[in-house]
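K.L.:
Dropping a structure here in structure tokens format, bear with me for questions.
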Amino acid sequence: MLQIDCPWCGMREEMEFSYGGQAHVAYPKDPHAVSDEDWAQYLFMRDNPKGLFLERWVHSQGCRRWFNVERHTVTHEITAVYKPGEPPPAAKP
Amino acid sequence: MSGTAANIARIEGAGKIDRTRPLAFTFNGRKLQGYAGDTLASALLANGIHLVARSFKYHRPRGMLTAGNEEPNALVQLERGPYTEPNLRATEIELYEGLDASSVNCFPNVQFDLRAINGLASSILVAGFYNKTFMWPKGFWKKVYEPALRAAAGLGVAPDSPDPDTYDRMHWHCDVLVVGAGPAGLSASLQAGRRGVRTVIVEEAPEAGGSLLQRPATIDGVAGTEWASKAFAELDAMPNVLFLCRTSVFGYYDHNYLMAVEHRTDHLGPGRSPGVARKRLWHFRAKRVVLATGAHERPIVFGNNDLPGIVLANAACTYATRYGVSLGKCGVAFVNNDHGFALALETQAVARNIAMIIDPRPDPDDALVKRAAALGVRVLCNSVIATAHGWNRVSSVDICPTRGTGLARLECDHVLVSGGLNPAVHLYSQAPGKLRYDANLACFLPDQCIQTVEVAGALNARFSLDSALEDGALAGKRTLHTLGQAVDAGAPAEAKDELHILPVWSVQAQLGLKLPGKHFVDYQNDVTEADILLASREGFRSVEHTKRYTTTGMATDQGKTSNVIGLAILAASLGKPIPEVGTTTFRPPFTPVTFGAIAGRDRGSLSDPVRTTPMHAWHVDNGAVFEDVGQWKRPWYFPKPGEDLHAAVARETKALRTTAGVMDATTLGKIDIQGADAAEFLNRVYTNAWTKLAVGSCRYGVMCRPDGMVMDDGVTARLADDRFLMTTTTGNAARVLDWLEEWLQTEWPELEVYCTTVTEQWATTAVVGPNARKILKALAPDMDFSNAAFPFMTFREGVVAGLAARVFRISFNGELSYEINVPSWHGLALWRAVIEAGKPHGLTPYGTETMHVARAEKGYIIIGQETDGTVTPQDVGLEWAVSKQKDFIGKRSFSRSDTARAGRKQLVGLLPQDKAFVAPEGSHLVASPERSTFDPRLGSPSIGHITSSYYSPNLESAFALALIANGRAMHGKTVYCSQGSGLKPMTVTDPVFIDKEGKRRDGID
Amino acid sequence: MQRFSFANLVRNSLSGHAHWKPFWRDAAPKQKYDAIIVGGGGHGLATAYYLAKNHGITNVAVLEKGWIGGGNTGRNTTIIRSNYLWNESGALYEHSLKLWEGLNEDLNINLMFSQRGVINLAHNQADVRESIRRVEANRLNGIDGEWLTPEQVKEFCPIIDISRTARYPVLGATLQRRGGTARHDTVAWGFARAADNLGVDIIQNCEVTGILREGGRVTGVRTTRGTIMAEKIGVVAAGHTSVVAAMADIRLPLQSHPLQALVSEPIKPIHPCVVMSNAVHVYLSQSDKGELVIGAGIDTFNSYSQRGSFHVIEHQMAALIELFPIFSRVRMLRTWGGIVDVCPDASPIVSKTPVKGLFLNCGWGTGGFKATPGSGWVFAHTIATGEPHPLNAAFALDRFSSGALIDEHGAAAVAH
Amino acid sequence: MTASTDRVSPLENWTARFAAASATPVQFSIREVAFATHINLRVDAAAFGAKVRAVLGCDLPVVANTWTTGGECSAIWLGPDEWLVVAPDGRNESFCADLRTALSGVHHAVTDLSANRTMLEIAGSDARVALAKGCPLDLHGSAFKPPQSAQSLLAKSQVLLQCVDANPVIRVFVRNSFAAYVAEWLLDAAAELAASRNLDTPRIANRLA
Ligand SMILES: Cc1cc2nc3c(=O)[nH]c(=O)nc-3n(C[C@H](O)[C@H](O)[C@H](O)COP(=O)(O)OP(=O)(O)OC[C@H]3O[C@@H](n4cnc5c(N)ncnc54)[C@H](O)[C@@H]3O)c2cc1C
Ligand SMILES: NC(=O)c1ccc[n+]([C@@H]2O[C@H](COP(=O)([O-])OP(=O)(O)OC[C@H]3O[C@@H](n4cnc5c(N)ncnc54)[C@H](O)[C@@H]3O)[C@@H](O)[C@H]2O)c1
Ligand SMILES: Cc1cc2nc3c(=O)[nH]c(=O)nc-3n(C[C@H](O)[C@H](O)[C@H](O)COP(=O)(O)O)c2cc1C
Ligand SMILES: [Zn+2]
């Protein structure tokens, strides 16, 4: 039962959120220029690390905003929360 | 029956029971009496009843081993009829007037159980025996062995009728959550409470005090129990403190989320608190947690250590001091540590029935030995109990020196055992926290945890009262400190209490002798030391394997008294140190939780919202039969008296094509899309183009997932240059909105677009059929409904039936059709007006079934019926709606080899050659009668399946839509519906059955 | 191999069971094997067994990071059935079910395989349609299946509430009579015992930490017990497959999620079959010991911890009590979780990889226990011959590029 | 052919049950407040809040999960660029039109949602407890007080809560089709609290006050 710090609403219960999978999966600039294999990478292939993971959540029952979370997939500890467009924690200076 | 006469085992003047309030109760049909403050267990013991249960496998006689939640033996079926509840622990049931309990899993009764015969076969029924047999002859497993095994299994019985009780739920946030109101928990709570932080204290027992209730103590010059009640009173008076008794924390989840169940009325008896929820499930979100859950005493394994009358020392002390119950006239204690030794003496001080303490240690604490002498208790050091004897109750024990041999038999009627302490690490471990084995104390202790939690008291190996109190206060201070309060947390106290324990897990192993009798580790599951050794011999050497092979710790007590002993025996057999073997995983719940309590108030009409439209009341009044579409109730059809589904639908469908029909279309999703980039946005999410759509016009759109499969469809209208109203299918309304937001917010933040759901702002009434225009004219005399002024696929705003409305000329059935939208508060009034206005024109209300028939006659798909997540727009004949020019979500996927493949399943129409044959939806089709069944070499003969199938009164024939391989190339061919009784020939057709030219939708001007 | 039989059990009881041998040897790793199986779950052990039995490849090691059967094999709700929708799945699962039907004899161990029948409830018109579609597809695939009316459902499972006013009315159900349950742990132990008997080394507490490659082919693995060489490596690590595959720089279409399950306290026999409801997420059977075994939902987020959130269980219970009101006073004894590897199309991957000699068997997600023998059978074939068995050809990795997905969400859902 | 112009609220038939549930001696009252102007407004408030204020006479709250009031209106924060404007019944058309005019040329969305939701007003010392039975928010008096609002779940329905008085008076905005469920749910919660009055309701209510 996670408690997630919505960047707008603050700490709220997991029940109010929906999960959006891996963050920063870029839509190919020109989908028609990529191979079927690379398109499959975009469509289906995902990182699935045991450890820190950058992932998306949406505060679906609250402010309905999407945002990114850095969370440990074993301890479930949340180490960062940031808005779309902001750089992931590791990329921060 | 007089109270005192029955309570033969009551100790005069002892205990905290209320002797002025006798309570009558029934056990196994016998009428008995106890007192307010008793548990069922203490009342039974007071009546001299020790034999209360039978074990799971061997049906051995069993009595109370403990006085608390760790009880493995004393399981009862409480109450009868709808209130009955299986497998409750007698040690946890508070006595109430009229209580009615009986033993579980014995036949014909607990005194004489025929299944005890299993005990004779016990040499065969060892751990895992069933894996090795019952395999021959093959058919016997299903018919003979398995039913017999199953019949023997199980403990109590489930009720056979629904539960008359209700349950409740509560969410609660706090700064500090303290679990356990023993001395440690109370002193931590006082720290927190007095500081004013939001504090919750949760205690499983009916009152505060923990071990203070179980043994005599003095704190600050007053009796321990008095200190506890004062502490409770002080805390309970604080507005920042919530003190919950009879509440068990059963799960420790992520981010300091703890679950507890409060037993609110069980102690009052069934049916006595009308309207009050029997149990309440608490959801706690705590900034900080203090666990002060105490410790469980554990037994020692010796021969026949399961006989009734053999109890833990702590239990004996509790029965004496708290309940004033003596366990017999002549007791012996078998202890290997100072704590148990002291408990035996405390019992003696009250009950005066302990003759001897048997201790394997050479050197029990001097002071204790002196006290024993003073209390008239003999102490026998360097000795153990080897085997107990008795029939349904212990009657003697064999005593044996730890070195050397020679058994001495000692008569006794009860035995106190203490093999050491297991701190109650369950919740800590769930957190999840790591444990560490302390060899001096011979127990596992909390070590490190990823959550912000403090441990205190016996859980933290502070076994003496003074240090538990101090430790609790320190834990409280540390917690406050981390909450930012100006509190000196102090240095953590270094010294732990000494237990002076000589670990003896199993007497046999200790002595290196084979002793008679059965040597139980897990009482409830009848797991013996021999079973564990067998498991180890057969290669089940991981503690997890041993657990699963022998079932140690898997019974309803989850091994609270047995797990550590089991793993110690395993470790010894492997020659490994205990920490290397480790524990099994502690899992929620800490103690079992009633399903009903977990379901809480989500029952019946509250189990899931039932969503209805503003017109619902009219539908109900007019006899609609409803269909569930997601959470919505939609009218399925409106039968007239005597009509079934088919008759009603035939009538409705006919009306819709010959006169007029009216349908409640409110549930369709509606999304208001605004912003300068709205058209561009639609271009990206829909497969077709939107830029050129004129204001005032509508267009059908399909949206795909990125993998190219159809996701949803609907008609979208352009309200203004920068504003569209999108409709979605009923079932996908929420999903589509989320989908749009996801793309907007995460992928295309540069687009100036806002989406707002308006599904429930508008009530939608669809008026359909040749007479629709007449009806609309009657309703809206000021509006021009001519084809020229109000063409197909446009909308107009105007006044309809005196109400401001938006009217869309769109059609999901090929007929002239208007969808009138009014603010939902006018929905019912408009509907009524439409019905009135329609009367002269044969207007017939219809439901979703008729809608389905009518749209299928036109070959229109329904998302989720013609599509199933594996279907592209091209597959269902929507290539006309797929833009070749622009890009959109999913387009790239169309060119993948399988998606672009010829011969994919495609949407077709089907006409049965027998016009009356309505193929069941979901039926499959085969290409020829010769190949119509499964052939192991060729596989399935199916070429596709029927997605929709109805009888059409308009076609005077049944007809269907289907997805079949290469379907578009098969028009005119015969295929066979493979269904139940045989093969039915059907002709493949175009999916449009009616009005291919599309003339009807314009009606007659 | 010491035979298991009643006679042998009685004979051993005379000696106090002192002479039973270990089910499998506690093998220490050799330097090199012909094939290495990473993951000692049911699928991995079955693969090793069939490599030895069907293909004569016995110089095989099964490497297990913990204790065998401790992954999802040891924590699933044990539902076995083969009534999947698509031909490819039907064939694979049915092959497996047929193997189950002779597995006691083959492995000489009682797996307590109980063909008590599995029913999948339909609660609305769409469910009815999909159910019939599936039953008919099954029939044409040679798989037994029936459609039951509500009254027939009640007859088959009398404790279910079929009243039309129920929040989730029962409009019918599919029934596969040959479906049922089996003792999960014993399956792992049985395959281990039989594989060991054919010479396979079962190596526990041996975690694979690296995959050694040379010129695009595998040469061995690094483990917590040293480097072990082999030219063929089959990864069968369920929830951990992504982690192992990443060691060979392979990204997979898998996400690992916690899936929870729970048992009640044991009660006297009351529930005669297996009941599943995808729509309301109820999966229920009663074990030989008397507990109700109940599958809960999947937690939406990725996780490698074998625990989930409690609200999933609350939701589960509410649905259960609506369908089975008489269980309201029964008590939940233990909850737990497993890490399931979920594929976008809810179908497994049993496949070669771009790395020569490296094979994958994963993506069984919430429903692979039933496939244990069949999966081992076809994976052994794939490893032995280097080419897929006809039954797993469609379950290759390339389907994600070609688009030939095998979408079993309908039949699998959060299925078991 | 004309229809009745009387409007029907989703909970029209519930008045008697609400009254009964609100009768003394319970510490709970509930009523439907139907028919108000509800406008969903989306705009960059930092840049254009003044334009909005000029129309509504009310500032858009920029602190998340709060509400402001001014003129005839109150504005409830729904998201970083989203508000629900609540005004007296009948002002929907004019406010929508005026807002659109004021914001023309600016990226915005004005959507009339007056008939989309209804509002339940609950009050009394048990009101917080009743909500706490199904709402995961921290509803303690120190945590949820004017001018706070929040969107969350109440049992299985999405709701918007607005704390209008610390005493408390709390408004529960709920979509029409969920209104009956939420009403039934609240009545059930309140009935349980009333039945438990001699057991623990006052204690718990005090602890949330
Ligand atoms: C709660 C739950 C209920 C389920 N219910 C059902 C059901 O009713 N019916 C059904 O058919 N299926 C069900 N399933 C799914 C089923 O359990 C799995 O699909 C199946 O057991 C997978 O078997 P496996 O052998 O592939 O995986 P596992 O048994 O998980 O084995 C994988 C093994 O790999 C090991 N491993 C991982 N990484 C490494 C490494 N680096 N080195 C060495 N070893 C490693 C793991 O320790 C593990 O033992 C359920 C699953 C869960 C969690
Ligand atoms: N088993 C024993 O009898 C035993 C063992 C060691 C020490 N002691 C004595 O205990 C004292 C130590 O005090 P303490 O406060 O640490 O322990 P304690 O045993 O006095 O109190 C623990 C309390 O926690 C409660 N509890 C445990 N798990 C709970 C749960 N999941 N939910 C709700 N309540 C729960 C228990 O009902 C109990 O009241 C010392 O005085 C020492 O002499 C007793
Ligand atoms: C089908 C099945 C039945 C189970 N029955 C019981 C049971 O009766 N008692 C019990 O304590 N655990 C039971 N368990 C749960 C196990 O104790 C254990 O929780 C599970 O295997 C997961 O392992 P873990 O909890 O050690 O992580 C059962 C598990 C399964 C899969
Ligand atoms: Zn938010």
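Naming scheme: A, B, ... for chains in displayed order of the structure tokens; residues 1 onward per chain; ligands 1 onward as shown.
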Residues of chain C within 6 Å of chain A, using only C-alpha atoms, as a PyMOL selection string?

P.N.:
chain C and resi 252-253+255+303-305+309+400-401

K.L.:
Report as a PyMOL selection string which protein, DNA and RNA residues come within 6 Å of ligand 2, using only C-alpha atoms and all ligand atoms.

P.N.:
chain B and resi 179-185+202-205+209-211+247-250+292-297+314+457-459+463-465+468

K.L.:
Could you tell me which residues of chain D sit within 6 Å of chain B when counting only C-alpha atoms, and give me the result as a tab-separated table (two decimals) with C-alpha atoms, in the first residue's frame?

P.N.:
chain	number	residue	atom	x	y	z
D	1	MET	CA	-45.29	19.79	-27.47
D	2	THR	CA	-43.51	21.16	-24.43
D	3	ALA	CA	-41.99	19.48	-21.46
D	4	SER	CA	-42.11	20.46	-17.87
D	7	ARG	CA	-35.69	20.14	-13.23
D	8	VAL	CA	-35.13	16.79	-11.61
D	9	SER	CA	-32.11	16.30	-9.41
D	109	ALA	CA	-11.53	25.77	-21.73
D	113	LEU	CA	-21.07	21.20	-15.91
D	115	ALA	CA	-26.06	19.38	-14.62
D	116	ASN	CA	-23.13	16.99	-14.43
D	132	ALA	CA	-13.47	8.27	7.08
D	133	LYS	CA	-15.24	4.95	6.65
D	136	PRO	CA	-8.52	7.51	2.40
D	138	ASP	CA	-6.70	12.55	6.36
D	177	SER	CA	-24.92	8.51	-11.87
D	178	PHE	CA	-22.95	7.86	-8.70
D	181	TYR	CA	-24.64	5.07	-4.53
D	192	GLU	CA	-24.04	2.59	11.80
D	195	ALA	CA	-26.41	2.57	16.25
D	196	SER	CA	-22.94	2.70	17.81
D	207	ARG	CA	-10.61	12.25	17.87

K.L.:
Check the DSSP output for the backbone and give back, as an MDAnalysis selection string, the residues of chain A in strand (DSSP E or B).

P.N.:
chainID A and resid 3:6 10:13 18:22 46 52:58 66:72 78:82

K.L.:
List all protein, DNA and RNA residues that have an atom no more than 8 Å from any atom of ligand 3, counting only C-alpha atoms and all ligand atoms, and report them as a PyMOL selection string.

P.N.:
(chain B and resi 544+548+551+553-556+558+584-587) or (chain C and resi 70+73-78+183-185+261-266+287+289-291+293+306+333-338)

K.L.:
Taking only C-alpha atoms and all ligand atoms into account, list the residues no farther than 6 Å from ligand 1, as a count of residues only.

P.N.:
48

K.L.:
Find the spatial neighbours of C:Arg3, counting only C-alpha atoms, within a cut-off of 10 Å - ignore same-chain residues fewer than 5 positions away - and output them as a ChimeraX atom specification.

P.N.:
/B:132 /C:8-9,107-109

K.L.:
Write the residues of the preceding selection, restricted to C-alpha atoms, as a PDB file, in the first residue's frame.

P.N.:
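out.pdb written:
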ATOM      1  CA  LYS B 132       3.974 -41.844  -1.899  1.00  0.00           C
TER       2      LYS B 132
ATOM      3  CA  ASN C   8       6.969 -49.515   0.218  1.00  0.00           C
ATOM      4  CA  LEU C   9       5.456 -47.022   2.620  1.00  0.00           C
ATOM      5  CA  LEU C 107       7.030 -39.450 -12.114  1.00  0.00           C
ATOM      6  CA  ASN C 108       5.970 -42.115  -9.620  1.00  0.00           C
ATOM      7  CA  ILE C 109       4.657 -39.624  -7.137  1.00  0.00           C
TER       8      ILE C 109
END

K.L.:
Could you check the closest approach to chain D for each of A:Lys83, A:His24, A:Lys29, A:Arg12 and tell me which residue wins, using only C-alpha atoms?

P.N.:
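Checking each of A:Lys83, A:His24, A:Lys29, A:Arg12 against chain D, counting only C-alpha atoms, the winner is A:Arg12.
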
K.L.:
Identify, on the basis of only C-alpha atoms, every residue whose closest approach to stretch 406-408 of chain B does not exceed 10 Å; exclude the query and any residue fewer than 2 positions from it along the same chain; express the result as a ChimeraX atom specification.

P.N.:
/B:384-387,397-401,403-404,410-411

K.L.:
List all protein, DNA and RNA residues that have any atom at most 12 Å from ligand 4, counting only C-alpha atoms and all ligand atoms, and write the list as a PyMOL selection string.

P.N.:
(chain A and resi 4-14+16-18+57-67+81+83) or (chain D and resi 64-65+77-82+150-152)

K.L.:
Report as number ranges by chain all protein, DNA and RNA residues lying within 6 Å of stretch 276-279 of chain C, evaluated on only C-alpha atoms, omitting residues in the same chain fewer than 4 positions from it.

P.N.:
C: 120-121, 283

K.L.:
Could you write out the selected residues, including N, CA and C atoms, as a PDB file, in the first residue's frame?

P.N.:
ATOM      1  N   ASN C 120     -15.872 -21.141 -15.252  1.00  0.00           N
ATOM      2  CA  ASN C 120     -15.619 -19.704 -15.430  1.00  0.00           C
ATOM      3  C   ASN C 120     -16.971 -19.027 -15.566  1.00  0.00           C
ATOM      4  N   LEU C 121     -17.274 -18.140 -14.652  1.00  0.00           N
ATOM      5  CA  LEU C 121     -18.614 -17.550 -14.631  1.00  0.00           C
ATOM      6  C   LEU C 121     -18.761 -16.423 -15.642  1.00  0.00           C
ATOM      7  N   TYR C 283     -11.196 -16.277  -7.751  1.00  0.00           N
ATOM      8  CA  TYR C 283     -10.661 -17.587  -8.137  1.00  0.00           C
ATOM      9  C   TYR C 283     -10.608 -18.398  -6.874  1.00  0.00           C
TER      10      TYR C 283
END

K.L.:
DSSP says alpha helix (DSSP H) for which residues of stretch 89-227 of chain C? Put them as a ChimeraX atom specification?

P.N.:
/C:89-100,103-107,125-140,150-156,184-197

K.L.:
Please identify all polymer residues within 7 Å of B:Gly890, counting only C-alpha atoms, omitting same-chain residues fewer than 4 positions from it, and present them as an MDAnalysis selection string.

P.N.:
chainID B and resid 704:708

K.L.:
Please identify all residues of chain C having at least one atom at most 6 Å from any atom of chain B, considering only C-alpha atoms, and return them as a ChimeraX atom specification.

P.N.:
/C:4-6,13,21-23,109-110,129,132-133,140-142,265-268,288-290,314,317-318,325-326,328-335,402-404

K.L.:
Output N, CA, C and O atoms for every residue in the selection just made, as a short mmCIF file (atom, residue, chain, number, x, y, z; two decimals), in the first residue's frame.

P.N.:
data_model
loop_
_atom_site.label_atom_id
_atom_site.label_comp_id
_atom_site.auth_asym_id
_atom_site.auth_seq_id
_atom_site.Cartn_x
_atom_site.Cartn_y
_atom_site.Cartn_z
N PHE C 4 7.90 -45.23 -4.97
CA PHE C 4 6.85 -44.88 -4.02
C PHE C 4 5.65 -45.76 -4.28
O PHE C 4 5.17 -45.85 -5.40
N SER C 5 5.21 -46.45 -3.24
CA SER C 5 4.00 -47.25 -3.34
C SER C 5 3.52 -47.51 -1.93
O SER C 5 4.25 -47.32 -0.96
N PHE C 6 2.29 -47.97 -1.82
CA PHE C 6 1.77 -48.23 -0.49
C PHE C 6 2.60 -49.29 0.20
O PHE C 6 2.97 -49.16 1.37
N SER C 13 7.69 -48.03 7.15
CA SER C 13 7.19 -47.65 8.47
C SER C 13 7.72 -48.60 9.53
O SER C 13 7.86 -48.24 10.70
N LYS C 21 15.49 -42.26 0.99
CA LYS C 21 16.61 -41.47 0.43
C LYS C 21 16.11 -40.08 0.08
O LYS C 21 14.91 -39.88 -0.12
N PRO C 22 17.01 -39.14 -0.08
CA PRO C 22 16.58 -37.81 -0.52
C PRO C 22 15.87 -37.88 -1.87
O PRO C 22 16.20 -38.72 -2.71
N PHE C 23 14.90 -36.99 -2.05
CA PHE C 23 14.20 -36.90 -3.34
C PHE C 23 15.20 -36.60 -4.45
O PHE C 23 15.07 -37.07 -5.55
N ILE C 109 4.92 -40.39 -8.36
CA ILE C 109 4.66 -39.62 -7.14
C ILE C 109 3.22 -39.14 -7.23
O ILE C 109 2.71 -38.90 -8.33
N ASN C 110 2.55 -39.06 -6.09
CA ASN C 110 1.16 -38.62 -6.12
C ASN C 110 1.11 -37.10 -6.08
O ASN C 110 1.40 -36.48 -5.06
N ARG C 129 -21.20 -14.16 -24.41
CA ARG C 129 -20.74 -14.28 -25.79
C ARG C 129 -19.31 -14.81 -25.83
O ARG C 129 -18.98 -15.75 -26.56
N ILE C 132 -19.09 -18.54 -24.79
CA ILE C 132 -19.50 -19.51 -25.82
C ILE C 132 -18.44 -19.57 -26.92
O ILE C 132 -18.09 -20.65 -27.40
N ARG C 133 -17.92 -18.42 -27.25
CA ARG C 133 -16.86 -18.41 -28.26
C ARG C 133 -15.71 -19.31 -27.83
O ARG C 133 -15.16 -20.07 -28.62
N LEU C 140 -13.54 -27.40 -30.96
CA LEU C 140 -12.94 -27.63 -32.27
C LEU C 140 -11.43 -27.85 -32.15
O LEU C 140 -10.77 -28.22 -33.12
N ASN C 141 -10.89 -27.62 -30.97
CA ASN C 141 -9.48 -27.93 -30.74
C ASN C 141 -9.32 -29.25 -29.98
O ASN C 141 -8.25 -29.54 -29.46
N GLY C 142 -10.42 -29.99 -29.87
CA GLY C 142 -10.34 -31.27 -29.19
C GLY C 142 -10.22 -31.15 -27.68
O GLY C 142 -9.69 -32.04 -27.01
N GLU C 265 -8.64 -20.50 6.88
CA GLU C 265 -8.44 -21.62 7.80
C GLU C 265 -9.12 -22.85 7.19
O GLU C 265 -10.06 -22.72 6.43
N PRO C 266 -8.63 -24.03 7.54
CA PRO C 266 -9.27 -25.22 6.97
C PRO C 266 -10.70 -25.38 7.49
O PRO C 266 -10.95 -25.21 8.69
N ILE C 267 -11.60 -25.69 6.60
CA ILE C 267 -12.97 -26.02 6.99
C ILE C 267 -13.36 -27.33 6.33
O ILE C 267 -12.71 -27.78 5.40
N LYS C 268 -14.42 -27.91 6.82
CA LYS C 268 -14.89 -29.19 6.28
C LYS C 268 -15.27 -29.00 4.81
O LYS C 268 -15.70 -27.91 4.43
N ASP C 288 -7.17 -30.13 -0.55
CA ASP C 288 -7.37 -31.41 0.12
C ASP C 288 -7.37 -31.27 1.63
O ASP C 288 -7.95 -32.05 2.34
N LYS C 289 -6.66 -30.24 2.11
CA LYS C 289 -6.57 -30.06 3.57
C LYS C 289 -7.74 -29.28 4.13
O LYS C 289 -7.92 -29.20 5.34
N GLY C 290 -8.50 -28.67 3.24
CA GLY C 290 -9.69 -27.97 3.71
C GLY C 290 -9.64 -26.46 3.60
O GLY C 290 -10.65 -25.78 3.79
N GLU C 314 -8.84 -6.64 -0.29
CA GLU C 314 -10.18 -6.16 0.12
C GLU C 314 -11.17 -6.26 -1.03
O GLU C 314 -12.30 -6.70 -0.87
N MET C 317 -12.12 -9.84 -1.60
CA MET C 317 -13.03 -10.41 -0.60
C MET C 317 -14.45 -9.93 -0.83
O MET C 317 -15.40 -10.69 -0.67
N ALA C 318 -14.58 -8.65 -1.17
CA ALA C 318 -15.92 -8.12 -1.40
C ALA C 318 -16.58 -8.90 -2.54
O ALA C 318 -17.74 -9.30 -2.45
N PRO C 325 -21.99 -15.84 -0.27
CA PRO C 325 -22.29 -15.14 0.99
C PRO C 325 -21.99 -16.00 2.22
O PRO C 325 -21.73 -15.47 3.29
N ILE C 326 -22.00 -17.32 2.07
CA ILE C 326 -21.82 -18.15 3.26
C ILE C 326 -20.38 -18.15 3.77
O ILE C 326 -20.10 -18.68 4.84
N SER C 328 -18.74 -15.51 4.62
CA SER C 328 -18.46 -14.27 5.33
C SER C 328 -17.82 -14.50 6.70
O SER C 328 -17.02 -13.70 7.16
N ARG C 329 -18.17 -15.60 7.36
CA ARG C 329 -17.64 -15.82 8.71
C ARG C 329 -16.43 -16.77 8.73
O ARG C 329 -15.95 -17.16 9.78
N VAL C 330 -15.97 -17.13 7.55
CA VAL C 330 -14.74 -17.92 7.47
C VAL C 330 -13.57 -16.94 7.58
O VAL C 330 -13.72 -15.75 7.29
N ARG C 331 -12.44 -17.41 8.01
CA ARG C 331 -11.34 -16.45 8.27
C ARG C 331 -10.13 -16.67 7.36
O ARG C 331 -9.77 -17.79 7.02
N MET C 332 -9.53 -15.56 7.03
CA MET C 332 -8.32 -15.56 6.21
C MET C 332 -7.13 -15.93 7.08
O MET C 332 -6.90 -15.32 8.11
N LEU C 333 -6.39 -16.94 6.65
CA LEU C 333 -5.28 -17.43 7.47
C LEU C 333 -3.94 -16.85 7.05
O LEU C 333 -3.12 -16.48 7.89
N ARG C 334 -3.70 -16.79 5.77
CA ARG C 334 -2.39 -16.35 5.31
C ARG C 334 -2.51 -15.76 3.91
O ARG C 334 -3.25 -16.28 3.09
N THR C 335 -1.80 -14.68 3.70
CA THR C 335 -1.73 -14.10 2.36
C THR C 335 -0.27 -14.10 1.94
O THR C 335 0.62 -14.09 2.78
N SER C 402 6.38 -8.92 -35.63
CA SER C 402 5.48 -9.21 -36.76
C SER C 402 4.05 -8.81 -36.45
O SER C 402 3.26 -8.59 -37.34
N GLY C 403 3.73 -8.73 -35.17
CA GLY C 403 2.35 -8.41 -34.79
C GLY C 403 1.49 -9.63 -34.57
O GLY C 403 0.31 -9.51 -34.25
N ALA C 404 2.08 -10.83 -34.74
CA ALA C 404 1.26 -12.05 -34.58
C ALA C 404 1.12 -12.42 -33.11
O ALA C 404 1.52 -13.50 -32.67
#

K.L.:
For atom CA of B:Thr20 and atom CA of B:Tyr35, determine how far apart the two atoms are, in Å to one decimal place.

P.N.:
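Between atom CA of B:Thr20 and atom CA of B:Tyr35 the gap works out to 7.8 Å.
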